[in-house]
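As stored in query-v8.tsv (TSV, C-alpha atoms and all ligand atoms):
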chain	number	residue	atom	x	y	z
X	1	MET	CA	-27.36	-49.26	14.50
X	2	ALA	CA	-27.86	-52.24	12.20
X	3	LEU	CA	-28.02	-55.63	13.84
X	4	HIS	CA	-25.39	-57.93	12.45
X	5	ILE	CA	-25.74	-61.59	13.33
X	6	GLY	CA	-22.70	-63.72	12.73
X	7	ARG	CA	-18.96	-63.34	12.98
X	8	THR	CA	-18.30	-59.99	14.68
X	9	LEU	CA	-14.92	-58.76	15.82
X	10	PRO	CA	-14.55	-56.69	18.97
X	11	PRO	CA	-12.34	-53.58	18.44
X	12	ALA	CA	-9.80	-54.94	20.94
X	13	ALA	CA	-9.46	-58.13	22.95
X	14	SER	CA	-6.90	-59.89	25.11
X	15	PRO	CA	-8.59	-63.25	25.43
X	16	PHE	CA	-8.14	-65.46	28.44
X	17	ARG	CA	-9.12	-69.10	28.79
X	18	LEU	CA	-11.04	-71.18	31.27
X	19	LYS	CA	-7.63	-72.40	32.46
X	20	ASP	CA	-6.69	-68.84	33.48
X	21	ILE	CA	-9.96	-68.45	35.39
X	22	LEU	CA	-9.40	-71.76	37.19
X	23	SER	CA	-5.90	-70.69	38.14
X	24	GLY	CA	-7.47	-67.50	39.54
X	25	VAL	CA	-10.03	-69.47	41.53
X	26	ALA	CA	-7.28	-71.72	42.92
X	27	ALA	CA	-5.36	-68.61	44.00
X	28	CYS	CA	-8.36	-67.45	46.07
X	29	PHE	CA	-7.70	-70.37	48.42
X	30	GLU	CA	-4.03	-69.48	48.63
X	31	GLY	CA	-4.56	-65.99	50.03
X	32	THR	CA	-3.09	-62.62	49.11
X	33	GLY	CA	0.57	-63.70	49.24
X	34	ILE	CA	0.18	-64.35	45.54
X	35	VAL	CA	-0.45	-60.64	44.88
X	36	GLY	CA	2.86	-59.78	46.56
X	37	ARG	CA	4.61	-62.39	44.42
X	38	PHE	CA	3.05	-60.92	41.25
X	39	GLU	CA	4.30	-57.48	42.30
X	40	ASP	CA	7.78	-58.87	42.94
X	41	GLU	CA	7.85	-60.49	39.48
X	42	LEU	CA	6.81	-57.17	37.91
X	43	LYS	CA	9.51	-55.32	39.87
X	44	SER	CA	12.22	-57.62	38.67
X	45	PHE	CA	10.99	-57.78	35.05
X	46	PHE	CA	10.61	-54.01	34.75
X	47	ASN	CA	13.67	-53.37	36.88
X	48	VAL	CA	11.99	-50.88	39.24
X	49	ARG	CA	12.15	-50.71	43.02
X	50	HIS	CA	8.43	-50.19	43.67
X	51	CYS	CA	5.34	-51.83	42.24
X	52	PHE	CA	1.73	-51.83	43.43
X	53	ALA	CA	-1.08	-53.85	41.90
X	54	VAL	CA	-4.58	-52.35	42.17
X	55	SER	CA	-8.12	-52.65	40.80
X	56	SER	CA	-7.78	-50.51	37.65
X	57	GLY	CA	-5.58	-48.17	35.66
X	58	LYS	CA	-7.76	-45.30	36.91
X	59	ALA	CA	-7.16	-46.36	40.51
X	60	ALA	CA	-3.41	-46.51	39.80
X	61	LEU	CA	-3.50	-42.95	38.43
X	62	VAL	CA	-5.47	-41.60	41.40
X	63	LEU	CA	-2.98	-43.12	43.86
X	64	ILE	CA	0.04	-41.73	42.01
X	65	LEU	CA	-1.50	-38.25	41.74
X	66	GLN	CA	-2.36	-38.22	45.45
X	67	ALA	CA	1.16	-39.35	46.35
X	68	LEU	CA	2.72	-36.62	44.19
X	69	HIS	CA	0.40	-34.06	45.77
X	70	GLU	CA	1.52	-35.19	49.22
X	71	ILE	CA	5.09	-34.37	48.15
X	72	HIS	CA	4.05	-31.05	46.53
X	73	PRO	CA	0.89	-29.94	48.36
X	74	GLU	CA	0.92	-26.51	46.66
X	75	ARG	CA	0.40	-28.11	43.22
X	76	ASP	CA	-2.91	-29.55	42.06
X	77	GLU	CA	-3.16	-29.41	38.27
X	78	VAL	CA	-2.42	-32.23	35.86
X	79	LEU	CA	-1.45	-31.82	32.20
X	80	ILE	CA	-2.69	-34.44	29.75
X	81	PRO	CA	-3.09	-34.75	25.96
X	82	ALA	CA	-6.33	-33.10	24.76
X	83	TYR	CA	-7.13	-36.39	23.01
X	84	THR	CA	-6.93	-39.40	25.29
X	85	CYS	CA	-9.01	-42.03	27.09
X	86	TYR	CA	-11.80	-40.51	29.24
X	87	SER	CA	-10.51	-42.59	32.17
X	88	VAL	CA	-7.64	-40.15	32.54
X	89	PRO	CA	-9.68	-37.00	33.34
X	90	SER	CA	-12.00	-39.27	35.37
X	91	ALA	CA	-9.04	-40.21	37.59
X	92	ILE	CA	-7.80	-36.62	37.87
X	93	VAL	CA	-11.24	-35.40	38.95
X	94	ARG	CA	-11.62	-38.34	41.33
X	95	ALA	CA	-8.26	-37.41	42.93
X	96	GLY	CA	-9.62	-33.87	43.41
X	97	PHE	CA	-7.34	-32.09	40.93
X	98	LYS	CA	-7.77	-29.86	37.91
X	99	VAL	CA	-7.33	-31.08	34.33
X	100	ARG	CA	-5.06	-29.06	32.01
X	101	LEU	CA	-4.91	-29.89	28.31
X	102	CYS	CA	-2.25	-29.63	25.66
X	103	ASP	CA	-3.11	-30.08	21.98
X	104	MET	CA	-1.38	-32.67	19.81
X	105	THR	CA	1.07	-32.45	16.91
X	106	PRO	CA	-0.90	-32.96	13.66
X	107	GLY	CA	-0.37	-36.43	12.22
X	108	THR	CA	0.57	-37.91	15.60
X	109	LEU	CA	-1.04	-39.01	18.86
X	110	ASP	CA	1.55	-37.10	20.87
X	111	PHE	CA	1.76	-33.66	22.49
X	112	ASP	CA	2.41	-30.50	20.53
X	113	PHE	CA	5.86	-29.92	21.97
X	114	ASP	CA	5.93	-26.25	20.95
X	115	ARG	CA	2.78	-25.56	22.91
X	116	ILE	CA	3.60	-27.71	25.91
X	117	VAL	CA	6.49	-25.51	27.05
X	118	SER	CA	4.25	-22.61	28.08
X	119	GLU	CA	2.07	-25.00	30.11
X	120	PHE	CA	5.12	-25.81	32.23
X	121	GLU	CA	5.22	-22.18	33.42
X	122	ASN	CA	2.04	-22.88	35.38
X	123	PRO	CA	3.10	-22.84	39.09
X	124	ALA	CA	0.13	-25.03	40.04
X	125	LEU	CA	1.17	-27.84	37.72
X	126	LEU	CA	1.88	-31.10	39.56
X	127	CYS	CA	2.70	-33.45	36.72
X	128	VAL	CA	2.40	-34.17	33.02
X	129	ILE	CA	1.11	-37.46	31.60
X	130	PRO	CA	2.58	-38.55	28.25
X	131	THR	CA	0.42	-41.37	26.90
X	132	HIS	CA	1.11	-44.31	24.59
X	133	LEU	CA	-2.31	-44.27	22.94
X	134	PHE	CA	-3.14	-47.62	21.28
X	135	GLY	CA	0.48	-48.57	22.02
X	136	MET	CA	1.92	-45.81	19.81
X	137	PRO	CA	4.99	-44.67	21.76
X	138	SER	CA	4.85	-41.12	23.03
X	139	ASP	CA	8.15	-39.22	23.30
X	140	VAL	CA	8.61	-39.40	27.09
X	141	GLU	CA	12.29	-38.47	26.87
X	142	ARG	CA	11.40	-35.22	25.16
X	143	VAL	CA	8.91	-34.34	27.88
X	144	LYS	CA	11.54	-35.18	30.50
X	145	SER	CA	14.14	-32.96	28.86
X	146	LEU	CA	11.63	-30.09	28.72
X	147	VAL	CA	10.69	-30.30	32.42
X	148	GLN	CA	14.24	-30.93	33.59
X	149	ASP	CA	14.90	-27.99	35.88
X	150	ARG	CA	11.39	-27.79	37.30
X	151	ASP	CA	9.71	-29.52	40.20
X	152	LEU	CA	7.42	-31.32	37.81
X	153	TYR	CA	6.76	-35.01	37.62
X	154	VAL	CA	6.35	-37.11	34.49
X	155	VAL	CA	3.76	-39.88	34.90
X	156	GLU	CA	3.81	-42.31	31.99
X	157	ASP	CA	0.37	-43.55	30.96
X	158	ALA	CA	1.25	-46.97	29.59
X	159	ALA	CA	-2.30	-48.28	30.21
X	160	GLN	CA	-2.32	-49.53	26.60
X	161	ALA	CA	1.33	-50.60	26.48
X	162	MET	CA	1.98	-53.28	29.11
X	163	GLY	CA	4.84	-55.42	27.81
X	164	ALA	CA	5.52	-53.09	24.89
X	165	GLU	CA	9.04	-51.91	24.06
X	166	TRP	CA	10.38	-49.03	22.05
X	167	ASP	CA	14.01	-48.26	21.21
X	168	GLY	CA	15.01	-51.21	23.37
X	169	ARG	CA	13.29	-49.78	26.46
X	170	LYS	CA	10.25	-51.06	28.30
X	171	LEU	CA	7.33	-48.64	28.17
X	172	GLY	CA	5.96	-47.80	31.60
X	173	THR	CA	9.44	-47.36	33.09
X	174	LEU	CA	10.45	-44.12	31.38
X	175	GLY	CA	8.82	-41.52	33.64
X	176	ASP	CA	9.01	-40.81	37.37
X	177	ALA	CA	6.12	-43.26	37.69
X	178	GLY	CA	4.08	-45.28	35.23
X	179	ILE	CA	0.80	-47.16	35.02
X	180	PHE	CA	-0.56	-50.19	33.19
X	181	SER	CA	-4.20	-51.21	32.85
X	182	MET	CA	-5.38	-54.79	32.79
X	183	GLY	CA	-8.94	-53.93	31.90
X	184	ARG	CA	-10.87	-55.26	28.91
X	185	GLY	CA	-9.33	-54.27	25.61
X	186	LYS	CA	-5.89	-53.64	27.09
X	187	PRO	CA	-2.69	-55.48	26.11
X	188	PHE	CA	-3.18	-58.10	28.81
X	189	SER	CA	-6.36	-58.47	30.84
X	190	MET	CA	-7.70	-59.96	34.05
X	191	VAL	CA	-11.19	-58.41	33.65
X	192	GLU	CA	-9.87	-55.36	35.46
X	193	GLY	CA	-6.67	-54.32	37.17
X	194	GLY	CA	-3.98	-51.69	37.27
X	195	ILE	CA	-0.26	-51.54	38.00
X	196	ILE	CA	1.86	-48.72	39.40
X	197	LEU	CA	5.60	-48.75	38.72
X	198	THR	CA	8.16	-46.33	40.07
X	199	ASP	CA	11.88	-46.35	40.65
X	200	ASN	CA	11.65	-43.16	42.72
X	201	ASP	CA	12.02	-43.99	46.44
X	202	MET	CA	10.25	-40.83	47.58
X	203	ILE	CA	7.16	-41.59	45.46
X	204	GLY	CA	7.39	-45.31	46.25
X	205	GLY	CA	7.59	-44.62	49.99
X	206	VAL	CA	4.54	-42.36	50.01
X	207	LEU	CA	2.61	-44.84	47.86
X	208	GLY	CA	3.58	-47.74	50.12
X	209	LYS	CA	2.10	-45.95	53.14
X	210	ARG	CA	-1.08	-45.08	51.24
X	211	MET	CA	-1.48	-48.64	49.96
X	212	ALA	CA	-1.54	-49.94	53.54
X	213	ALA	CA	-4.84	-48.09	54.04
X	214	ILE	CA	-6.50	-49.49	50.92
X	215	LYS	CA	-8.90	-52.40	51.13
X	216	GLY	CA	-8.85	-55.48	48.98
X	217	TYR	CA	-11.81	-57.04	47.14
X	218	GLY	CA	-14.45	-58.46	49.45
X	219	GLY	CA	-15.82	-61.98	48.96
X	220	PHE	CA	-18.83	-60.72	46.99
X	221	ASP	CA	-16.64	-58.48	44.77
X	222	SER	CA	-14.31	-61.40	44.05
X	223	LEU	CA	-17.27	-63.58	43.12
X	224	LYS	CA	-18.52	-60.87	40.78
X	225	LEU	CA	-15.08	-60.75	39.15
X	226	ILE	CA	-15.06	-64.51	38.65
X	227	LEU	CA	-18.52	-64.49	37.05
X	228	THR	CA	-17.58	-61.56	34.82
X	229	ALA	CA	-14.44	-63.40	33.76
X	230	VAL	CA	-16.48	-66.47	32.81
X	231	ALA	CA	-18.98	-64.36	30.87
X	232	LEU	CA	-16.25	-62.40	29.07
X	233	SER	CA	-14.28	-65.50	28.12
X	234	VAL	CA	-17.34	-66.71	26.20
X	235	LEU	CA	-18.84	-63.45	24.89
X	236	ILE	CA	-15.65	-61.92	23.50
X	237	SER	CA	-15.31	-64.64	20.88
X	238	PRO	CA	-16.15	-63.37	17.35
X	239	ARG	CA	-18.74	-66.15	16.98
X	240	ILE	CA	-20.73	-64.76	19.93
X	241	TYR	CA	-19.72	-61.11	20.16
X	242	TRP	CA	-22.60	-59.92	17.94
X	243	LEU	CA	-24.97	-60.88	20.74
X	244	PRO	CA	-23.59	-58.81	23.65
X	245	LYS	CA	-22.84	-56.02	21.14
X	246	SER	CA	-26.50	-55.88	20.12
X	247	LEU	CA	-27.72	-55.51	23.72
X	248	PRO	CA	-27.85	-51.77	24.33
X	249	PHE	CA	-27.84	-52.03	28.14
X	250	LEU	CA	-24.35	-53.58	28.07
X	251	LYS	CA	-23.04	-50.37	26.48
X	252	LEU	CA	-20.12	-52.23	24.91
X	253	GLY	CA	-17.50	-50.03	23.35
X	254	GLU	CA	-18.94	-46.82	24.75
X	255	THR	CA	-16.66	-44.33	26.43
X	256	HIS	CA	-17.85	-42.47	29.51
X	257	PHE	CA	-16.48	-39.89	31.85
X	258	ASP	CA	-16.99	-41.35	35.33
X	259	PRO	CA	-15.08	-40.17	38.40
X	260	VAL	CA	-16.88	-42.66	40.66
X	261	PHE	CA	-15.05	-45.98	40.84
X	262	PRO	CA	-13.57	-48.23	43.53
X	263	ILE	CA	-9.90	-48.14	44.50
X	264	ARG	CA	-8.79	-51.54	45.75
X	265	ARG	CA	-5.72	-53.70	46.00
X	266	LEU	CA	-5.58	-56.38	43.34
X	267	SER	CA	-7.31	-59.59	44.42
X	268	ALA	CA	-5.77	-63.04	44.71
X	269	PHE	CA	-8.13	-64.14	41.92
X	270	GLN	CA	-6.67	-61.59	39.50
X	271	ALA	CA	-3.07	-62.36	40.47
X	272	GLY	CA	-3.88	-66.05	39.95
X	273	MET	CA	-5.33	-65.30	36.52
X	274	ALA	CA	-2.10	-63.48	35.68
X	275	HIS	CA	-0.14	-66.71	36.22
X	276	ALA	CA	2.66	-67.03	33.60
X	277	TRP	CA	1.95	-63.46	32.50
X	278	LYS	CA	5.26	-62.97	30.70
X	279	THR	CA	4.59	-65.88	28.36
X	280	LYS	CA	0.98	-64.82	27.79
X	281	ILE	CA	1.90	-61.22	27.07
X	282	ASN	CA	4.49	-62.35	24.54
X	283	LYS	CA	1.97	-64.57	22.76
X	284	LEU	CA	-0.62	-61.78	22.58
X	285	LYS	CA	2.03	-59.37	21.39
X	286	ALA	CA	3.23	-61.74	18.66
X	287	ALA	CA	-0.32	-62.28	17.36
X	288	ARG	CA	-1.05	-58.54	17.27
X	289	SER	CA	2.29	-57.72	15.72
X	290	ALA	CA	1.69	-60.20	12.87
X	291	ASN	CA	-1.63	-58.47	12.14
X	292	VAL	CA	-0.08	-55.00	12.34
X	293	HIS	CA	2.54	-56.06	9.77
X	294	LYS	CA	-0.14	-57.50	7.49
X	295	ILE	CA	-2.14	-54.26	7.66
X	296	THR	CA	0.89	-52.14	6.78
X	297	GLY	CA	1.50	-54.70	4.00
X	298	TYR	CA	-1.90	-53.70	2.58
X	299	GLY	CA	-0.56	-50.18	2.31
X	300	LEU	CA	-2.42	-48.71	5.26
X	301	GLN	CA	-0.50	-46.12	7.23
X	302	ALA	CA	-0.74	-46.01	11.02
X	303	LEU	CA	-1.31	-42.54	12.42
X	304	GLY	CA	1.82	-41.24	14.10
X	305	LEU	CA	4.12	-43.86	12.66
X	306	GLY	CA	7.31	-42.65	11.03
X	307	LYS	CA	9.58	-44.81	8.92
X	308	GLY	CA	11.44	-47.65	10.57
X	309	ALA	CA	10.41	-49.96	13.38
X	310	ILE	CA	6.73	-50.71	14.03
X	311	PRO	CA	5.63	-50.49	17.67
X	312	ASP	CA	3.54	-52.99	19.68
X	313	LEU	CA	0.09	-51.62	18.83
X	314	ILE	CA	-3.11	-52.93	20.43
X	315	ARG	CA	-5.29	-51.11	17.88
X	316	PHE	CA	-4.16	-49.71	14.53
X	317	PRO	CA	-5.00	-45.99	14.35
X	318	VAL	CA	-5.83	-44.56	10.93
X	319	LEU	CA	-6.79	-41.03	9.94
X	320	VAL	CA	-9.41	-40.87	7.16
X	321	LYS	CA	-10.31	-38.02	4.81
X	322	ASP	CA	-13.20	-36.44	6.69
X	323	GLN	CA	-15.93	-37.11	9.21
X	324	GLU	CA	-18.33	-38.33	6.51
X	325	THR	CA	-15.82	-40.91	5.30
X	326	LYS	CA	-15.37	-42.08	8.86
X	327	LYS	CA	-19.09	-42.47	9.47
X	328	GLU	CA	-19.50	-44.38	6.22
X	329	LEU	CA	-16.57	-46.65	7.09
X	330	LEU	CA	-17.95	-47.36	10.55
X	331	ARG	CA	-21.39	-48.15	9.06
X	332	LYS	CA	-19.90	-50.60	6.58
X	333	SER	CA	-17.71	-52.21	9.22
X	334	GLU	CA	-20.71	-52.54	11.51
X	335	ARG	CA	-22.67	-54.37	8.81
X	336	ALA	CA	-19.79	-56.75	8.14
X	337	GLY	CA	-18.75	-57.20	11.79
X	338	LEU	CA	-15.19	-56.08	11.07
X	339	GLY	CA	-14.41	-54.39	14.41
X	340	ILE	CA	-13.32	-51.04	12.99
X	341	SER	CA	-13.97	-48.59	15.76
X	342	ASP	CA	-14.18	-44.97	16.69
X	343	GLY	CA	-11.32	-43.77	18.86
X	344	TYR	CA	-12.78	-41.57	21.62
X	345	PRO	CA	-15.98	-39.63	20.90
X	346	ASP	CA	-14.59	-36.16	21.52
X	347	ALA	CA	-11.56	-34.19	22.66
X	348	ILE	CA	-11.34	-33.96	26.46
X	349	ASN	CA	-12.57	-30.35	26.49
X	350	GLY	CA	-15.78	-31.62	24.87
X	351	ILE	CA	-16.72	-33.71	27.92
X	352	ASN	CA	-19.84	-32.07	29.33
X	353	GLU	CA	-19.14	-32.66	33.00
X	354	ILE	CA	-15.81	-30.83	32.92
X	355	ARG	CA	-15.97	-28.50	29.92
X	356	ARG	CA	-16.19	-25.42	32.17
X	357	GLN	CA	-12.64	-26.11	33.39
X	358	PHE	CA	-11.26	-25.14	29.99
X	359	ASP	CA	-12.70	-21.62	29.63
X	360	GLY	CA	-13.77	-22.16	26.04
X	361	ARG	CA	-10.22	-22.93	24.88
X	362	VAL	CA	-10.09	-25.02	21.72
X	363	PHE	CA	-7.78	-27.86	20.77
X	364	PRO	CA	-8.19	-28.18	17.01
X	365	VAL	CA	-5.84	-31.12	16.43
X	366	ALA	CA	-7.45	-33.18	19.19
X	367	GLN	CA	-10.85	-32.22	17.78
X	368	ASP	CA	-9.76	-33.33	14.33
X	369	LEU	CA	-8.61	-36.70	15.72
X	370	ALA	CA	-12.02	-37.19	17.34
X	371	GLU	CA	-13.66	-36.45	13.99
X	372	ARG	CA	-11.44	-38.37	11.58
X	373	MET	CA	-9.68	-41.20	13.40
X	374	VAL	CA	-10.69	-44.85	13.39
X	375	THR	CA	-8.88	-47.87	14.77
X	376	LEU	CA	-8.52	-51.25	13.11
X	377	PRO	CA	-8.53	-54.40	15.22
X	378	VAL	CA	-5.26	-56.36	15.46
X	379	HIS	CA	-6.06	-58.72	18.37
X	380	PRO	CA	-5.49	-62.50	18.18
X	381	TYR	CA	-9.05	-63.24	16.91
X	382	VAL	CA	-8.45	-61.20	13.74
X	383	ASN	CA	-7.67	-63.47	10.77
X	384	GLU	CA	-6.33	-63.03	7.25
X	385	ASN	CA	-9.82	-62.91	5.76
X	386	ASP	CA	-10.90	-60.15	8.18
X	387	LEU	CA	-7.85	-58.10	7.26
X	388	GLN	CA	-8.51	-58.51	3.54
X	389	ASN	CA	-12.09	-57.33	4.07
X	390	ILE	CA	-10.88	-54.37	6.13
X	391	ALA	CA	-8.33	-53.44	3.47
X	392	LYS	CA	-11.08	-53.65	0.81
X	393	LEU	CA	-13.17	-51.10	2.72
X	394	PHE	CA	-10.30	-48.64	2.43
X	395	ASN	CA	-9.87	-49.08	-1.33
T	401	LIG	C1	-7.83	-47.74	29.84
T	401	LIG	C2	-7.00	-46.56	30.04
T	401	LIG	C3	-6.79	-46.00	31.31
T	401	LIG	C4	-7.51	-46.49	32.55
T	401	LIG	O1	-7.45	-47.84	32.76
T	401	LIG	P1	-8.68	-48.62	33.45
T	401	LIG	O2	-8.04	-49.89	33.90
T	401	LIG	O3	-9.70	-48.82	32.40
T	401	LIG	O4	-9.14	-47.80	34.59
T	401	LIG	C5	-5.97	-44.90	31.42
T	401	LIG	N1	-5.36	-44.37	30.35
T	401	LIG	C6	-5.51	-44.88	29.11
T	401	LIG	C7	-4.80	-44.24	27.96
T	401	LIG	C8	-6.34	-45.98	28.91
T	401	LIG	O5	-6.51	-46.45	27.69
Just dump the structure as structure tokens.
Amino acid sequence: MALHIGRTLPPAASPFRLKDILSGVAACFEGTGIVGRFEDELKSFFNVRHCFAVSSGKAALVLILQALHEIHPERDEVLIPAYTCYSVPSAIVRAGFKVRLCDMTPGTLDFDFDRIVSEFENPALLCVIPTHLFGMPSDVERVKSLVQDRDLYVVEDAAQAMGAEWDGRKLGTLGDAGIFSMGRGKPFSMVEGGIILTDNDMIGGVLGKRMAAIKGYGGFDSLKLILTAVALSVLISPRIYWLPKSLPFLKLGETHFDPVFPIRRLSAFQAGMAHAWKTKINKLKAARSANVHKITGYGLQALGLGKGAIPDLIRFPVLVKDQETKKELLRKSERAGLGISDGYPDAINGINEIRRQFDGRVFPVAQDLAERMVTLPVHPYVNENDLQNIAKLFN
């Protein structure tokens, strides 16, 4: 990897300011009531009866899966897209369940709906997880209509779509339950964090009981969060980002399968950082949306986007000609600090730790995405000049 010193864009970023960190620190002295208030605000904004704020999107997924399993103890398999964030199988394995994969429709980031039907015949299947990858809306309604007469849950992975809307509806509220992530590189970030939403009283009731047994952040963990927030607020800036990016031990931008992670309630610090979240989310969304429109103005086509409205993307997915073209593009972007990035390194069945689960089955469309897809940055740090340089690389 070539070392590039100078302006370097991260692939994704939801910047926060010192002010946000200070408001988080102030909240630490106020106690955890502020977390309950944040949850109440989310409930009313998303118009759902139950909301739980936790330490990560992965933690949110684990808790939902365990709650669903409590309702249907005979079911312990979870169906996900064969191309998605490695956090998803990490959470399924952490919860103790088996990962099932469905390939994607070519030219989209969504399920292959012809193939998915036969997966629903599986009597061990607990739920299916449609995913809005990079903010590209997945057809949750179609999944719902296909599972209608079965005891199968639809869990909406809106980790990359907090605050996003499609067809006049808020993503995250379309399934039986939904999650958001507030980790780095997500639509809105407090270093880390996750949200569970559900309007289903049965699921909400089980989750509520489980939440009572979950610990919050300890003093040391909160301090670590505060220091990480300070470090991130400085290092994520394009003027500085080349430095942390060049330090291999930070492993920035790398994707790992890792079923070992804490499950905690959200801390007062994080809820304090989220102060005025609706306004902040709207600002971030507006900045990204302006960049998305400029990129389409340069004639670049987002993967999975039909004609008509453009969704609230957090990264702009593009399919290139072949793997060589992709490697070349990533090399050039690296040298110029343009923040073009790989999606995920492999299809889920290619993850070493779990590949045995899939009995050698192949998922060619997911594989192809792993080989040929890149994402373009659209976050608020991206400027006109960056976008022109990115467009030039494609011409
Ligand atoms: C990031 C992500 C998650 C997990 O969220 P974390 O907060 O990082 O644990 C789950 N699903 C998708 C699609 C994601 O992008």
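Protein, DNA and RNA residues at most 9 Å from (3.6, -42.6, 49.7), with all atoms listed in the file, are these: X:Leu63, X:Ile64, X:Gln66, X:Ala67, X:Leu68, X:Glu70, X:Ile71, X:Met202, X:Ile203, X:Gly204, X:Gly205, X:Val206, X:Leu207, X:Gly208, X:Lys209, X:Arg210, X:Met211.
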For ligand LIG 401 (chain T), return the neighbouring residues as a list of chain:residue names (distance at most 6 Å; only C-alpha atoms and all ligand atoms). X:Ser56, X:Gly57, X:Lys58, X:Thr84, X:Cys85, X:Ser87, X:Val88, X:Leu133, X:Asp157, X:Ala159, X:Gln160, X:Ser181, X:Met182, X:Gly183, X:Glu192, X:Gly193, X:Gly194
Pull the closest atom pair for each residue of stretch 255-339 of chain X that gets at most 9 Å from stretch 164-174 of chain X, along with the distance in Å to one decimal, counting all atoms listed in the file, ordering rows by chain and then ascending residue number, as JSON lines.
{"residue": "X:Lys285", "atom": "CA", "partner": "X:Ala164", "partner_atom": "CA", "distance": 8.0}
{"residue": "X:Ala309", "atom": "CA", "partner": "X:Trp166", "partner_atom": "CA", "distance": 8.7}
{"residue": "X:Ile310", "atom": "CA", "partner": "X:Trp166", "partner_atom": "CA", "distance": 9.0}
{"residue": "X:Pro311", "atom": "CA", "partner": "X:Trp166", "partner_atom": "CA", "distance": 6.6}
{"residue": "X:Asp312", "atom": "CA", "partner": "X:Ala164", "partner_atom": "CA", "distance": 5.6}
{"residue": "X:Leu313", "atom": "CA", "partner": "X:Ala164", "partner_atom": "CA", "distance": 8.3}
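With atom CA of X:Val140 on one side and atom CA of X:Val318 on the other, the separation reads 22.3 Å.
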Using all atoms listed in the file, pick whichever of X:Lys392, X:His256, X:Arg361, X:Arg17 has the shortest atom-to-atom distance to X:Gly299.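 Of all the options, X:Lys392 lies closest to X:Gly299.
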Which residues are close to X:Pro259, i.e. within 7 Å by all atoms listed in the file, leaving aside same-chain residues fewer than 5 positions away? Reply as a VMD selection string. chain X and resid 90 to 91 93 to 94
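Those residues that approach stretch 262-264 of chain X to within 8 Å, counting all atoms listed in the file, are Val54, Ser55, Ser56, Ala59, Ile214, Lys215, Gly216 and Tyr217 of chain X; same-chain residues fewer than 5 positions away are not listed.
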Store the residues of this selection in a file with C-alpha atoms, as a PDB file, in the coordinates of the input.
ATOM      1  CA  VAL X  54      -4.580 -52.350  42.170  1.00  0.00           C
ATOM      2  CA  SER X  55      -8.120 -52.650  40.800  1.00  0.00           C
ATOM      3  CA  SER X  56      -7.780 -50.510  37.650  1.00  0.00           C
ATOM      4  CA  ALA X  59      -7.160 -46.360  40.510  1.00  0.00           C
ATOM      5  CA  ILE X 214      -6.500 -49.490  50.920  1.00  0.00           C
ATOM      6  CA  LYS X 215      -8.900 -52.400  51.130  1.00  0.00           C
ATOM      7  CA  GLY X 216      -8.850 -55.480  48.980  1.00  0.00           C
ATOM      8  CA  TYR X 217     -11.810 -57.040  47.140  1.00  0.00           C
TER       9      TYR X 217
END
By how many Å are atom CA of X:Gly272 and atom CA of X:Ala26 apart?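 The value is 7.2 Å.
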Go ahead and compute the interatomic distance for atom CA of X:Phe220 and atom CA of X:Val191, in Å to one decimal. 15.5 Å
Can you pull out the residues contacting stretch 118-124 of chain X? Cut-off 6 Å, using only C-alpha atoms, and skip same-chain residues under 5 positions away; I want them as a PyMOL selection string. chain X and resi 75-77
12 Å contact set for X:Val378, all atoms listed in the file, chain neighbours under 2 positions out, as a VMD selection string: chain X and resid 9 to 14 134 to 135 185 to 187 284 to 296 312 to 317 338 to 341 375 to 376 380 to 384 386 to 387 390
Go through X:Pro89, X:Leu18, X:Lys98, X:Pro81 one by one, measure the shortest atom-to-atom distance of each to X:Gln357 using all atoms listed in the file, and give the residue with the smallest value.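 Checking each candidate against X:Gln357, we get X:Lys98 as the closest.
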Calculated over only C-alpha atoms, which of the candidates X:Met273, X:Ser23, X:Val78, X:Leu225 has the smallest distance to X:Gly96? X:Val78
Residues at most 12 Å from X:Arg7, counting all atoms listed in the file, excluding those fewer than 2 positions away in the same chain, as JSON, numbers by chain? {"X": [3, 4, 5, 9, 10, 235, 236, 237, 238, 239, 240, 241, 242, 243, 245, 333, 334, 335, 336, 337, 338, 339, 381, 382, 383, 385, 386]}
Distance criterion (all atoms listed in the file): nearest to X:Leu305 out of X:Val362, X:Met136, X:Leu65, X:Leu79: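 Between X:Val362, X:Met136, X:Leu65, X:Leu79, the residue approaching X:Leu305 most closely is X:Met136.
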Give one line per residue of stretch 264-329 of chain X that approaches stretch 33-47 of chain X to at most 9 Å, naming the two atoms of the closest pair and their distance in Å to one decimal, counting all atoms listed in the file; sort by chain then ascending residue number and deliver it as a Markdown table.
| residue | atom | partner | partner_atom | distance |
| --- | --- | --- | --- | --- |
| X:Arg265 | CA | X:Val35 | CA | 8.8 |
| X:Leu266 | CA | X:Val35 | CA | 6.8 |
| X:Ser267 | CA | X:Val35 | CA | 7.0 |
| X:Ala268 | CA | X:Val35 | CA | 5.8 |
| X:Phe269 | CA | X:Val35 | CA | 8.9 |
| X:Gln270 | CA | X:Val35 | CA | 8.3 |
| X:Ala271 | CA | X:Val35 | CA | 5.4 |
| X:Gly272 | CA | X:Ile34 | CA | 7.1 |
| X:Ala274 | CA | X:Phe38 | CA | 8.0 |
| X:His275 | CA | X:Phe38 | CA | 8.3 |
| X:Lys278 | CA | X:Phe45 | CA | 8.9 |
Would you mind exporting the chosen residues as a short mmCIF file (atom, residue, chain, number, x, y, z; two decimals), in the coordinates of the input, restricted to C-alpha atoms?
data_model
loop_
_atom_site.label_atom_id
_atom_site.label_comp_id
_atom_site.auth_asym_id
_atom_site.auth_seq_id
_atom_site.Cartn_x
_atom_site.Cartn_y
_atom_site.Cartn_z
CA ARG X 265 -5.72 -53.70 46.00
CA LEU X 266 -5.58 -56.38 43.34
CA SER X 267 -7.31 -59.59 44.42
CA ALA X 268 -5.77 -63.04 44.71
CA PHE X 269 -8.13 -64.14 41.92
CA GLN X 270 -6.67 -61.59 39.50
CA ALA X 271 -3.07 -62.36 40.47
CA GLY X 272 -3.88 -66.05 39.95
CA ALA X 274 -2.10 -63.48 35.68
CA HIS X 275 -0.14 -66.71 36.22
CA LYS X 278 5.26 -62.97 30.70
#
